[in-house]
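Participant: Pasting start_11.cif here (mmCIF, C-alpha atoms):
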```cif
data_query
loop_
_atom_site.label_atom_id
_atom_site.label_comp_id
_atom_site.auth_asym_id
_atom_site.auth_seq_id
_atom_site.Cartn_x
_atom_site.Cartn_y
_atom_site.Cartn_z
CA MET A 1 -247.91 21.07 126.24
CA THR A 2 -244.63 19.95 124.88
CA LYS A 3 -242.42 17.68 126.87
CA ARG A 4 -239.11 19.09 127.93
CA ARG A 5 -236.10 16.97 127.36
CA LYS A 6 -234.10 16.14 130.37
CA PRO A 7 -230.50 17.35 130.23
CA ARG A 8 -227.94 14.63 129.83
CA PRO A 9 -225.70 14.05 132.78
CA ARG A 10 -222.26 15.48 132.35
CA ARG A 11 -219.26 13.19 132.46
CA ALA A 12 -216.73 13.80 135.11
CA ALA A 13 -213.66 15.50 133.74
CA THR A 14 -210.54 13.42 134.04
CA THR A 15 -207.25 14.97 134.87
CA PRO A 16 -204.30 14.45 132.49
CA ALA A 17 -202.60 12.29 135.07
CA ALA A 18 -205.60 9.99 135.21
CA ARG A 19 -205.61 9.30 131.52
CA GLU A 20 -204.16 6.08 130.38
CA ALA A 21 -200.65 6.27 129.01
CA PRO A 22 -200.33 5.13 125.41
CA ALA A 23 -199.14 1.62 124.97
CA ALA A 24 -195.39 1.43 124.50
CA ARG A 25 -194.24 0.26 121.09
CA PRO A 26 -192.52 -3.09 121.05
CA ALA A 27 -188.76 -2.92 120.95
CA ARG A 28 -187.26 -3.38 117.50
CA PRO A 29 -185.26 -6.57 117.29
CA ALA A 30 -181.53 -6.21 116.79
CA SER A 31 -181.71 -8.17 113.56
CA VAL A 32 -183.62 -5.35 111.88
CA ALA A 33 -181.21 -2.82 110.37
CA THR A 34 -181.73 0.80 111.30
CA ARG A 35 -182.02 3.42 108.59
CA ALA A 36 -178.83 5.39 108.01
CA PRO A 37 -179.06 9.14 108.58
CA ALA A 38 -179.65 11.17 105.45
CA ARG A 39 -176.51 12.72 103.97
CA ARG A 40 -176.35 16.38 103.18
CA ARG A 41 -176.21 17.14 99.53
CA PRO A 42 -173.15 19.16 98.50
CA VAL A 43 -173.79 22.75 97.61
CA ARG A 44 -174.10 23.21 93.88
CA GLY A 45 -171.04 24.90 92.43
CA ALA A 46 -168.78 24.15 95.42
CA ARG A 47 -165.32 22.84 94.50
CA PRO A 48 -162.95 20.98 96.82
CA MET A 49 -159.85 22.88 97.84
CA PHE A 50 -156.50 21.44 96.83
CA GLY A 51 -153.36 22.82 98.41
CA PRO A 52 -152.92 26.11 100.28
CA PRO A 53 -154.49 29.37 99.09
CA MET A 54 -152.98 31.10 96.08
CA GLY A 55 -151.70 33.86 98.33
CA SER A 56 -149.49 31.35 100.17
CA SER A 57 -148.09 30.08 96.87
CA LEU A 58 -147.38 33.65 95.77
CA ALA A 59 -145.58 34.36 99.04
CA GLY A 60 -143.58 31.15 98.65
CA GLY A 61 -142.57 32.07 95.11
CA LEU A 62 -141.55 35.56 96.20
CA ALA A 63 -139.45 34.15 99.04
CA ALA A 64 -137.84 31.56 96.74
CA VAL A 65 -136.61 34.28 94.38
CA LEU A 66 -135.60 37.00 96.82
CA SER A 67 -133.86 34.62 99.22
CA THR A 68 -131.69 33.05 96.49
CA PRO A 69 -129.01 35.38 95.08
CA ALA A 70 -128.23 32.81 92.38
CA VAL A 71 -131.71 33.31 90.91
CA ILE A 72 -131.28 37.08 90.68
CA ALA A 73 -127.81 36.75 89.16
CA PHE A 74 -128.89 34.14 86.62
CA THR A 75 -131.90 36.29 85.69
CA GLY A 76 -129.60 39.17 84.72
CA ILE A 77 -127.28 36.87 82.74
CA ALA A 78 -130.20 35.25 80.90
CA VAL A 79 -131.73 38.63 79.98
CA LEU A 80 -128.39 39.85 78.62
CA ALA A 81 -127.85 36.65 76.58
CA LEU A 82 -131.33 36.74 75.06
CA TRP A 83 -131.01 40.47 74.37
CA LEU A 84 -127.79 39.86 72.41
CA LEU A 85 -129.42 37.01 70.50
CA TYR A 86 -132.45 39.12 69.63
CA SER A 87 -130.25 42.04 68.62
CA SER A 88 -128.47 39.83 66.08
CA VAL A 89 -131.62 40.02 63.94
CA GLY A 90 -131.64 43.80 63.97
CA ALA A 91 -128.69 44.12 61.54
CA LEU A 92 -126.48 46.45 63.62
CA LEU A 93 -129.49 47.53 65.70
CA VAL A 94 -130.42 46.59 69.28
CA VAL A 95 -133.72 45.63 70.87
CA THR A 96 -135.59 48.44 72.61
CA ALA A 97 -136.64 48.43 76.25
CA GLY A 98 -140.23 47.25 75.66
CA PRO A 99 -139.47 43.73 74.36
CA THR A 100 -136.55 43.40 76.80
CA THR A 101 -138.99 43.48 79.72
CA SER A 102 -140.58 40.23 78.45
CA MET A 103 -137.45 38.19 77.72
CA LEU A 104 -138.21 35.75 80.57
CA ALA A 105 -141.99 35.98 80.46
CA LEU A 106 -144.10 32.86 80.74
CA PRO A 107 -145.44 31.29 77.54
CA PRO A 108 -147.30 32.38 75.46
CA LEU A 109 -146.00 35.92 76.16
CA SER A 110 -142.44 34.87 75.38
CA SER A 111 -143.69 32.70 72.51
CA VAL A 112 -145.29 35.70 70.80
CA LEU A 113 -142.00 37.57 71.11
CA ASP A 114 -140.11 34.58 69.69
CA LEU A 115 -142.45 34.42 66.70
CA GLN A 116 -141.69 38.07 65.94
CA PHE A 117 -137.98 37.20 66.14
CA VAL A 118 -138.50 34.40 63.59
CA LEU A 119 -140.43 36.65 61.18
CA ALA A 120 -137.76 39.35 61.39
CA SER A 121 -135.03 36.79 60.75
CA ILE A 122 -136.85 35.41 57.68
CA ARG A 123 -137.06 38.88 56.14
CA LEU A 124 -133.39 39.70 56.68
CA PHE A 125 -131.40 36.48 56.23
CA ASP A 126 -131.29 33.44 53.99
CA GLY A 127 -132.84 30.11 54.88
CA TRP A 128 -129.84 28.43 56.55
CA THR A 129 -129.02 31.48 58.66
CA THR A 130 -132.63 31.79 59.73
CA LEU A 131 -132.79 28.10 60.64
CA GLY A 132 -129.60 28.40 62.69
CA GLN A 133 -130.95 31.39 64.61
CA ILE A 134 -134.28 29.64 65.29
CA VAL A 135 -132.56 26.50 66.57
CA GLY A 136 -130.21 28.59 68.70
CA LEU A 137 -133.11 30.55 70.19
CA VAL A 138 -135.10 27.40 71.03
CA LEU A 139 -132.12 25.69 72.65
CA VAL A 140 -131.08 28.75 74.65
CA ARG A 141 -134.62 29.37 75.88
CA ALA A 142 -135.10 25.69 76.79
CA TRP A 143 -131.87 25.65 78.81
CA VAL A 144 -132.68 28.94 80.54
CA THR A 145 -136.18 27.71 81.44
CA VAL A 146 -134.91 24.46 82.94
CA VAL A 147 -132.21 26.21 84.98
CA LEU A 148 -134.61 28.85 86.33
CA ILE A 149 -137.18 26.25 87.40
CA ARG A 150 -134.51 24.19 89.13
CA LEU A 151 -133.20 27.24 90.96
CA VAL A 152 -136.61 28.31 92.28
CA LEU A 153 -137.48 24.78 93.43
CA PRO A 154 -136.47 23.74 96.97
CA PRO A 155 -132.87 22.52 97.03
CA ALA A 156 -132.00 18.87 97.44
CA PRO A 157 -130.33 17.76 100.70
CA GLU A 158 -126.99 17.30 98.95
CA ASP A 159 -127.28 20.83 97.51
CA VAL A 160 -127.87 22.29 100.97
CA ALA A 161 -124.69 20.72 102.24
CA GLY A 162 -122.68 21.85 99.21
CA GLY A 163 -123.88 25.47 99.24
CA TRP A 164 -125.07 27.66 96.40
CA ARG A 165 -122.25 26.58 94.09
CA ALA A 166 -123.36 22.94 94.21
CA ARG A 167 -126.94 24.06 93.61
CA VAL A 168 -126.03 26.13 90.56
CA ARG A 169 -123.79 23.36 89.24
CA ARG A 170 -126.60 20.80 89.53
CA ALA A 171 -129.16 23.18 87.98
CA THR A 172 -127.04 23.95 84.93
CA ARG A 173 -126.39 20.28 84.15
CA VAL A 174 -129.38 19.35 82.01
CA ARG A 175 -129.77 15.83 80.68
CA PRO A 176 -130.28 15.56 76.88
CA GLN A 177 -133.70 13.91 77.30
CA LEU A 178 -135.00 16.76 79.45
CA PHE A 179 -133.33 19.32 77.21
CA LEU A 180 -135.05 18.00 74.06
CA ALA A 181 -138.38 17.52 75.86
CA MET A 182 -138.35 21.15 77.02
CA ALA A 183 -137.41 22.33 73.52
CA GLY A 184 -140.30 20.36 72.03
CA LEU A 185 -142.68 21.70 74.66
CA LEU A 186 -141.62 25.29 73.92
CA ILE A 187 -142.18 24.72 70.20
CA PHE A 188 -145.69 23.44 70.96
CA LEU A 189 -146.39 26.45 73.18
CA ALA A 190 -145.11 28.77 70.45
CA ALA A 191 -147.48 27.16 67.94
CA ALA A 192 -150.34 27.59 70.39
CA GLY A 193 -149.23 31.20 70.94
CA SER A 194 -149.38 31.89 67.20
CA PHE A 195 -152.95 30.62 67.18
CA VAL A 196 -153.81 32.74 70.21
CA SER A 197 -152.27 35.88 68.67
CA THR A 198 -154.94 35.81 65.95
CA PHE A 199 -157.58 36.68 68.57
CA SER A 200 -155.99 40.11 69.08
CA GLN A 201 -156.64 40.84 65.39
CA ILE A 202 -160.22 39.56 65.55
CA LEU A 203 -161.38 40.65 69.02
CA GLY A 204 -159.03 43.57 69.59
CA PRO A 205 -156.52 44.12 72.39
CA ILE A 206 -158.90 43.04 75.17
CA GLY A 207 -159.69 39.78 73.41
CA GLY A 208 -155.99 39.17 72.81
CA VAL A 209 -155.19 39.65 76.50
CA GLY A 210 -158.01 37.28 77.46
CA ALA A 211 -156.82 34.64 74.98
CA ILE A 212 -153.23 34.85 76.26
CA ALA A 213 -154.43 34.55 79.86
CA ALA A 214 -156.58 31.54 78.94
CA GLU A 215 -153.65 29.72 77.32
CA MET A 216 -151.40 30.57 80.27
CA PHE A 217 -154.11 29.26 82.60
CA PHE A 218 -154.27 25.84 80.90
CA LEU A 219 -150.58 25.45 79.96
CA GLY A 220 -148.76 27.52 82.58
CA PHE A 221 -147.87 24.50 84.74
CA THR A 222 -146.43 22.45 81.86
CA PRO A 223 -142.81 23.76 82.02
CA VAL A 224 -142.68 23.08 85.76
CA VAL A 225 -144.18 19.61 85.29
CA ALA A 226 -141.66 18.86 82.53
CA VAL A 227 -138.74 19.64 84.86
CA THR A 228 -140.03 17.93 88.01
CA GLU A 229 -141.51 14.79 86.43
CA GLU A 230 -139.28 14.40 83.33
CA GLN A 231 -141.92 12.63 81.25
CA GLY A 232 -142.94 12.92 77.62
CA ILE A 233 -144.81 15.85 76.12
CA VAL A 234 -148.26 14.19 76.20
CA PRO A 235 -148.14 13.13 79.91
CA THR A 236 -146.72 16.56 80.76
CA LEU A 237 -149.60 18.32 79.01
CA ARG A 238 -152.15 16.11 80.75
CA LEU A 239 -150.72 16.75 84.20
CA GLY A 240 -150.38 20.48 83.52
CA VAL A 241 -153.95 20.88 82.31
CA ARG A 242 -155.22 18.75 85.20
CA ALA A 243 -153.37 20.96 87.69
CA ALA A 244 -154.93 24.08 86.18
CA ARG A 245 -158.44 22.62 86.25
CA LEU A 246 -158.20 21.89 89.99
CA HIS A 247 -158.22 25.63 90.77
CA GLY A 248 -161.25 26.66 88.74
CA THR A 249 -161.16 30.37 88.03
CA GLY A 250 -159.01 31.22 91.06
CA LEU A 251 -155.76 30.87 89.14
CA LEU A 252 -157.13 32.90 86.25
CA VAL A 253 -157.83 35.81 88.60
CA TYR A 254 -154.12 35.91 89.50
CA LEU A 255 -152.92 35.56 85.92
CA LEU A 256 -155.08 38.27 84.32
CA PRO A 257 -153.32 41.25 86.00
CA TYR A 258 -149.94 39.69 85.24
CA VAL A 259 -150.77 39.30 81.53
CA PHE A 260 -152.25 42.80 81.32
CA VAL A 261 -149.18 44.48 82.84
CA SER A 262 -146.79 42.38 80.73
CA VAL A 263 -148.59 43.30 77.52
CA LEU A 264 -148.44 47.00 78.43
CA LEU A 265 -144.70 46.80 79.06
CA GLU A 266 -144.00 44.78 75.91
CA ALA A 267 -146.06 46.98 73.55
CA PRO A 268 -145.68 47.75 70.69
CA GLY A 269 -143.76 44.49 70.14
CA LEU A 270 -140.29 43.73 68.82
CA ARG A 271 -138.59 47.02 67.89
CA PHE A 272 -134.98 47.96 67.19
CA ALA A 273 -133.07 51.20 67.73
CA HIS A 274 -129.62 52.61 66.96
CA VAL A 275 -128.88 53.50 70.60
CA THR A 276 -128.39 50.88 73.29
CA LEU A 277 -130.44 50.84 76.49
CA SER A 278 -129.77 53.40 79.18
CA PRO A 279 -129.05 52.32 82.79
CA LEU A 280 -132.60 53.30 83.76
CA GLU A 281 -134.06 51.12 80.98
CA TRP A 282 -131.82 48.23 81.97
CA GLY A 283 -133.03 48.58 85.55
CA LEU A 284 -136.66 48.50 84.40
CA ALA A 285 -135.98 45.44 82.24
CA LEU A 286 -134.30 43.56 85.09
CA ILE A 287 -137.12 44.36 87.54
CA ALA A 288 -139.78 43.27 85.02
CA ASN A 289 -137.98 40.01 84.29
CA ALA A 290 -137.54 39.38 88.01
CA LEU A 291 -141.34 39.64 88.31
CA HIS A 292 -141.68 37.04 85.54
CA VAL A 293 -139.39 34.72 87.50
CA ILE A 294 -141.48 35.30 90.64
CA VAL A 295 -144.62 34.20 88.77
CA LEU A 296 -142.73 31.13 87.54
CA ALA A 297 -141.65 30.36 91.11
CA THR A 298 -145.26 30.76 92.25
CA LEU A 299 -146.43 28.14 89.77
CA ALA A 300 -143.56 25.85 90.82
CA ASN A 301 -144.49 26.27 94.47
CA ARG A 302 -148.13 25.61 93.64
CA TRP A 303 -147.28 22.45 91.70
CA LEU A 304 -145.33 21.01 94.63
CA ALA A 305 -148.30 21.66 96.92
CA ILE A 306 -150.88 19.88 94.70
CA ARG A 307 -148.60 17.37 92.98
CA GLU A 308 -149.85 14.27 94.80
CA ASP A 309 -153.51 15.19 94.27
CA VAL A 310 -152.96 15.84 90.56
CA ILE A 311 -151.12 12.56 90.03
CA ARG A 312 -153.80 10.64 91.94
CA ILE A 313 -156.66 12.18 89.97
CA GLU A 314 -154.85 11.70 86.66
CA SER A 315 -154.11 8.06 87.56
CA GLU A 316 -157.78 7.46 88.29
CA ALA A 317 -158.75 9.11 85.00
CA ALA A 318 -156.17 6.98 83.15
CA GLU A 319 -157.55 3.83 84.76
CA ASP A 320 -161.06 4.83 83.75
CA ARG A 321 -159.99 5.45 80.15
CA ARG A 322 -158.18 2.12 79.92
CA SER A 323 -161.01 0.21 81.55
CA ARG A 324 -163.37 1.53 78.89
CA ARG A 325 -160.98 0.36 76.19
CA GLY A 326 -160.47 -3.02 77.84
CA VAL A 327 -156.78 -2.43 78.55
CA ALA A 328 -155.05 -3.07 81.84
CA PRO A 329 -154.71 0.23 83.77
CA SER A 330 -151.33 1.76 84.43
CA VAL A 331 -150.35 4.27 87.07
CA VAL A 332 -148.64 7.54 86.24
CA ARG A 333 -144.95 7.24 87.02
CA ARG A 334 -143.86 9.16 90.11
CA ARG A 335 -140.47 10.49 90.97
CA ARG A 336 -139.37 10.09 94.57
CA THR A 337 -136.69 12.72 94.41
CA ARG A 338 -139.11 15.63 94.30
CA SER A 339 -141.79 14.17 96.56
CA ALA A 340 -139.57 14.37 99.63
CA ARG A 341 -138.74 18.03 99.17
CA PRO A 342 -140.72 20.63 101.13
CA SER A 343 -142.28 23.55 99.33
CA PRO A 344 -140.73 27.04 99.74
CA ASN A 345 -143.60 28.28 101.92
CA GLY A 346 -143.03 25.53 104.48
CA SER A 347 -145.93 23.26 103.41
CA ASP A 348 -145.11 19.68 102.54
CA ALA A 349 -145.28 18.87 98.84
CA ASP A 350 -146.56 15.33 99.37
#
```
Before we go any further, please render this structure as structure tokens.
Facilitator:
Amino acid sequence: MTKRRKPRPRRAATTPAAREAPAARPARPASVATRAPARRRPVRGARPMFGPPMGSSLAGGLAAVLSTPAVIAFTGIAVLALWLLYSSVGALLVVTAGPTTSMLALPPLSSVLDLQFVLASIRLFDGWTTLGQIVGLVLVRAWVTVVLIRLVLPPAPEDVAGGWRARVRRATRVRPQLFLAMAGLLIFLAAAGSFVSTFSQILGPIGGVGAIAAEMFFLGFTPVVAVTEEQGIVPTLRLGVRAARLHGTGLLVYLLPYVFVSVLLEAPGLRFAHVTLSPLEWGLALIANALHVIVLATLANRWLAIREDVIRIESEAAEDRRSRRGVAPSVVRRRRTRSARPSPNGSDAD
């Protein structure tokens, strides 16, 4: 017979309350530094926002033009003066309605039109006459650009007290340094526009529109920067390109429809006719040029909103470049006259 094993006695079950509580950890001394909480990594592709949305800048530019009768009146005078200057190349002919709609367009749209004016003048006149017309065109366009930008910018306190006459008087008085700097900048933009115009011959009309929009994206702020900051061409180009790069592709989305519509209105380029423009064509030309001025006012409003950020970032980049070269850093010169002026949409420019 086999022996049966006796069953082992069962242990008495202990209730959870009867179990021993785990020993408490010793308190960490105050001298031991605690670990800082982990920071969240920024989302890839996210860009910081500088200034108000583009829609606010567009509304501010629209209000700056429509609320200032001096801007509308000067737009009509400038279009008439440029139309007469362009018609002088036609040899008893006048410019048609298509090119007249782009007389006050932003570079490089106006630069492409100016280059056609230069080529037509070279074919018709001798060298000295052509040189005189080119110099006259550059000077007139530089003066018109400076006056328009000053008119769409917020008025100075002394201009508010003096009324619209004091504002127009101050806008039309351009210092020689600013006048020559704007002329040089327009010549540079025209040279860049001649390079961009080659893309329309290589890539077709769509490629040409894209190239014009790309140049306007990078260099569209430069005329406004030249007027507000009154620096040399190189610092103006750096600040203008830096301002464009802060927006990413958002600014390009606004500029593409503007360039496309302007090219459609300007096509097929500089043409002359025996009959002057009809009242309906003059009305279309004035409305189109008023839209160009609104886009210019939008860029001016946008520059005032992001001016301090652009100058700060450019100053840091300049310090970094000079530190690498072993040169003492210098800060970008700021003008106090514009920093105290509010932007047209009510936001503070500083």
Participant: Just to confirm, what's the straight-line distance from atom CA of A:Ile134 to atom CA of A:Leu82 in Å (one decimal)?
Facilitator: 12.4 Å
Participant: Residues at most 8 Å from A:Arg271, counting only C-alpha atoms, excluding those fewer than 3 positions away in the same chain, as an mmCIF file with C-alpha atoms, keeping the file's coordinate frame?
Facilitator:
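Contents of part.cif, freshly written:
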```cif
data_model
loop_
_atom_site.group_PDB
_atom_site.id
_atom_site.type_symbol
_atom_site.label_atom_id
_atom_site.label_comp_id
_atom_site.auth_asym_id
_atom_site.auth_seq_id
_atom_site.Cartn_x
_atom_site.Cartn_y
_atom_site.Cartn_z
ATOM 1 C CA VAL A 95 -133.720 45.630 70.870
ATOM 2 C CA THR A 96 -135.590 48.440 72.610
ATOM 3 C CA GLY A 98 -140.230 47.250 75.660
ATOM 4 C CA PRO A 99 -139.470 43.730 74.360
ATOM 5 C CA PRO A 268 -145.680 47.750 70.690
#
```
Participant: Compute the distance from (-135.3, 16.3, 81.5) to each atom, counting only C-alpha atoms, keep the residues with any atom at most 9 Å away, and return them as a list in words; use the coordinates of the file.
Facilitator: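 Checked against the point, the hits come out as Val146, Val174, Arg175, Pro176, Gln177, Leu178, Phe179, Leu180, Ala181, Met182, Ala226, Val227, Thr228, Glu229, Glu230 and Gln231 of chain A.
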Participant: Which one of A:Pro108, A:Pro157, A:Gly269, A:Gly136 sits closest to A:Phe218 if you count all atoms listed in the file?
Facilitator: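 Using all atoms listed in the file, the shortest distance to A:Phe218 belongs to A:Pro108.
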Participant: Have a look at atom CA of A:Leu113 and atom CA of A:Leu270 and let me know their distance in Å, one decimal.
Facilitator: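 Pair atom CA of A:Leu113 / atom CA of A:Leu270 returns 6.8 Å.
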Participant: Which residue out of A:Ser111, A:Leu264, A:Leu304, A:Gly232 has the minimum interatomic distance to A:Phe188 when all atoms listed in the file are used?
Facilitator: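 Of the candidates, the smallest distance to A:Phe188 is held by A:Ser111.
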Participant: Skipping near chain neighbours, those fewer than 3 positions away, what residues fall within 6 Å of stretch 239-243 of chain A using all atoms listed in the file, listed as a list in words?
Facilitator: Phe218, Phe221, Thr222, Thr236, Leu246 and Val310 of chain A
Participant: Can you give me, as a list of chain:residue names, the residues this file yields under the PyMOL selection byres ((chain A and resi 59) around 10)?
Facilitator: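 Taken on the displayed file, the PyMOL selection byres ((chain A and resi 59) around 10) yields the residues A:Met54, A:Gly55, A:Ser56, A:Ser57, A:Leu58, A:Gly60, A:Gly61, A:Leu62, A:Ala63, A:Ala64, A:Ile294, A:Ala297, A:Thr298, A:Asn301, A:Pro344, A:Asn345.
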